[in-house]
Amino acid sequence: MEFPFEASNTFAELFASMAEGVIMVDQSGMILMANHMAEDMFGYPPHALVGIKMEALLPERFRGRHMDLRSQFASDPRPRRMGVGRDLKAIRKDATEFPVEISLSFTRKNEELLVMAFISDITARKRYEDDLKRSEEQLLLYASELEKKVQSRTEALNQSVINLESEVTERKKAEAEVRKLLEKERELNELKSKFVSIASHEFRTPLSTIMSSASLVNQYKERGDLDKITKHTQRIRSSVNHLTGILNDFLSLSKLEEGKLYVVNEPLMIEDFFNEVAEDMIPTLKEGQYIKSTGDCSRTTIDSDPRILRNILFNLISNASKYSENKPIHLLYECSDTEFTFRVRDEGMGIPSEDKKHIFTRFFRASNAGNIQGTGLGLNIVKRYVDLLGGIIVFESEYEKGATFSVTIPI
Ligand SMILES: Nc1ncnc2c1ncn2[C@@H]1O[C@H](COP(=O)(O)OP(=O)(O)O)[C@@H](O)[C@H]1O
Ligand SMILES: [Mg+2]
């Protein structure tokens, strides 16, 4: 190996045996010297690199720029690494490219700047880095796919939880409905069996009264005793009334139970309506009883359901009659802009305090009802009618002084 300057043997040996390619160029870029490694790396036979231009070792696209860089280096020579942050490429004699890493150093000989390039072929490292990068990318891709998968699974899971939840609610709803139906059916059955027992009990007295009075009427007819005949026809009539009352109650109740009762409003002449009801009730009253009707309304009509109102009034008035003697029954009504109130007041036996809270319960009868006939259904029905009209019912009673039932409905 020839050196363009004096070199010790040690240096020559070092130079020859270096694991990096070393090339020395002069200021014009011509190669003055190359070690064996450099020749190997670039695929040149021994000594073939000397005398050629440095640019011949670069891919054509870098050559122009390289000449600029070389003159820059010449104006401010410092040992440095080349192409930091860029991928440097070199070209072999057979025109194949390979990645390199280059550091530069320099020396001077008789004022001339000689540049030394230390070149490493980093193909293997590059490949390794690329592989690493690729597998890193693949890993990232895989991770993001995994994440997407997890996300979509989670969504699916959430959806199925939601579905399950709504299924459970549906099922619960259905169960509740079935339970309600069963409960209703049970109540209806209970009602029916209660009706049979009440009917057999409650019907016996009026029916035997009717039987005996009817046969007595026959006897008195033969004797021509008109007073007695009147008395017994009156008895027959009140027994029939009582039976009709019970049957009406059961009819109302079963309709209410089946939910078949609808409110049908129509304009009502208030005064006429109350007079009519009072008149219709007169035949059912006991001797010595009469209805005193008083109204105080600024309006003459209301919109309401006459059938339901009539049923409520029939029930309240017949109670007032049943649970009092020889006293008037007061029928009062009044109205405000938004409400209509009517009251039925009697001066009878009243309701014992301890019974008051049960008074609207089905089949309940107060302790002082004694053997006065009744089923304990009327007030329960009345309450439900009032509910249908969106109104309220309240009562006041003093034991042995009488009772007042007040119904208020919106208008
Ligand atoms: N005006 C009233 N005066 C006293 N007690 C009453 C009056 N109205 C209702 N009651 C009591 O309330 C109970 C329930 O009334 P109701 O449901 O109409 O049944 P019933 O008249 O068939 O017994 C009656 O048994 C009675 O004890
Ligand atoms: Mg009653």
# chains A, B, ... in the order shown; residues from 1 in each chain; ligands from 1
>>> residues_around(residues="Leu253 in chain A", least_positions_apart="4", cutoff="7 Å", atoms="only C-alpha atoms", output="MDAnalysis selection string")
chainID A and resid 249 257 381
>>> write_last_selection(atoms="N, CA and C atoms", output="PDB file, in the first residue's frame")
ATOM      1  N   ASP A 249    -126.445  -3.990  42.963  1.00  0.00           N
ATOM      2  CA  ASP A 249    -125.086  -3.891  43.502  1.00  0.00           C
ATOM      3  C   ASP A 249    -124.177  -4.920  42.844  1.00  0.00           C
ATOM      4  N   GLU A 257    -115.609  -4.658  38.143  1.00  0.00           N
ATOM      5  CA  GLU A 257    -114.507  -5.623  38.183  1.00  0.00           C
ATOM      6  C   GLU A 257    -113.980  -5.910  36.795  1.00  0.00           C
ATOM      7  N   ILE A 381    -118.961   0.266  46.151  1.00  0.00           N
ATOM      8  CA  ILE A 381    -119.324   0.582  44.765  1.00  0.00           C
ATOM      9  C   ILE A 381    -119.352   2.092  44.547  1.00  0.00           C
TER      10      ILE A 381
END
>>> closest_atom_pairs(of="range 284-322 of chain A", to="range 347-369 of chain A", cutoff="12 Å", atoms="only C-alpha atoms", output="Markdown table")
| residue | atom | partner | partner_atom | distance |
| --- | --- | --- | --- | --- |
| A:Gln289 | CA | A:Glu347 | CA | 10.7 |
| A:Tyr290 | CA | A:Glu347 | CA | 11.9 |
| A:Ile291 | CA | A:Glu347 | CA | 12.0 |
| A:Asn319 | CA | A:Gly348 | CA | 10.0 |
| A:Ala320 | CA | A:Gly348 | CA | 7.4 |
| A:Ser321 | CA | A:Gly348 | CA | 8.4 |
| A:Lys322 | CA | A:Gly348 | CA | 8.7 |
>>> closest_residue(among="A:Asp225, A:Glu266, A:Glu202, A:Asp68", to="ligand 1", atoms="only C-alpha atoms and all ligand atoms")
A:Glu202
>>> select_by_dssp(residues="range 62-242 of chain A", states="strand (DSSP E)", output="VMD selection string")
chain A and resid 80 to 81 88 to 91 97 to 109 112 to 121
>>> residues_around(residues="Met67 in chain A", least_positions_apart="5", cutoff="10 Å", atoms="only C-alpha atoms", output="PyMOL selection string")
chain A and resi 28-29+54-55+62+72-73
>>> residues_around(residues="Ala117 in chain A", least_positions_apart="3", cutoff="6 Å", atoms="only C-alpha atoms", output="ChimeraX atom specification")
/A:22-23,103-104
>>> closest_atom_pairs(of="chain A", to="ligand 2", cutoff="10 Å", atoms="only C-alpha atoms and all ligand atoms", output="Markdown table")
| residue | atom | partner | partner_atom_place_in_ligand_line | distance |
| --- | --- | --- | --- | --- |
| A:Gly245 | CA | ligand 2 | 1 (Mg) | 8.6 |
| A:Ile246 | CA | ligand 2 | 1 (Mg) | 9.0 |
| A:Asp249 | CA | ligand 2 | 1 (Mg) | 9.0 |
| A:Phe314 | CA | ligand 2 | 1 (Mg) | 9.1 |
| A:Asn315 | CA | ligand 2 | 1 (Mg) | 5.7 |
| A:Leu316 | CA | ligand 2 | 1 (Mg) | 7.0 |
| A:Ile317 | CA | ligand 2 | 1 (Mg) | 8.7 |
| A:Ser318 | CA | ligand 2 | 1 (Mg) | 6.5 |
| A:Asn319 | CA | ligand 2 | 1 (Mg) | 4.8 |
| A:Ala320 | CA | ligand 2 | 1 (Mg) | 8.6 |
| A:Ser321 | CA | ligand 2 | 1 (Mg) | 9.6 |
| A:Lys322 | CA | ligand 2 | 1 (Mg) | 7.9 |
| A:Tyr323 | CA | ligand 2 | 1 (Mg) | 9.2 |
| A:Arg365 | CA | ligand 2 | 1 (Mg) | 9.1 |
| A:Gln373 | CA | ligand 2 | 1 (Mg) | 9.0 |
| A:Gly374 | CA | ligand 2 | 1 (Mg) | 6.2 |
| A:Thr375 | CA | ligand 2 | 1 (Mg) | 7.1 |
| A:Gly376 | CA | ligand 2 | 1 (Mg) | 6.3 |
| A:Leu377 | CA | ligand 2 | 1 (Mg) | 6.6 |
| A:Gly378 | CA | ligand 2 | 1 (Mg) | 4.3 |
| A:Leu379 | CA | ligand 2 | 1 (Mg) | 6.2 |
| A:Asn380 | CA | ligand 2 | 1 (Mg) | 9.1 |
| A:Ile381 | CA | ligand 2 | 1 (Mg) | 9.4 |
| A:Val382 | CA | ligand 2 | 1 (Mg) | 9.3 |
>>> residues_around(residues="Leu247 in chain A", least_positions_apart="6", cutoff="10 Å", atoms="only C-alpha atoms", output="ChimeraX atom specification")
/A:195,199,241,253
>>> closest_residue(among="A:Ala403, A:Ile411, A:Ala124, A:Leu182", to="ligand 1", atoms="only C-alpha atoms and all ligand atoms")
A:Ala403
>>> atom_distance(atom1="CA of Glu398 in chain A", atom2="CA of Ile308 in chain A")
28.0 Å
>>> residues_around(residues="Arg204 in chain A", least_positions_apart="4", cutoff="12 Å", atoms="only C-alpha atoms", output="PyMOL selection string")
chain A and resi 197-200+208-211+239-240+242-243+373
>>> residues_around(residues="range 13-17 of chain A", least_positions_apart="5", cutoff="8 Å", atoms="only C-alpha atoms", output="ChimeraX atom specification")
/A:22,35-37
>>> select_by_dssp(residues="range 210-371 of chain A", states="alpha helix (DSSP H)", output="number ranges by chain")
A: 210-223, 226-257, 270-281, 306-322
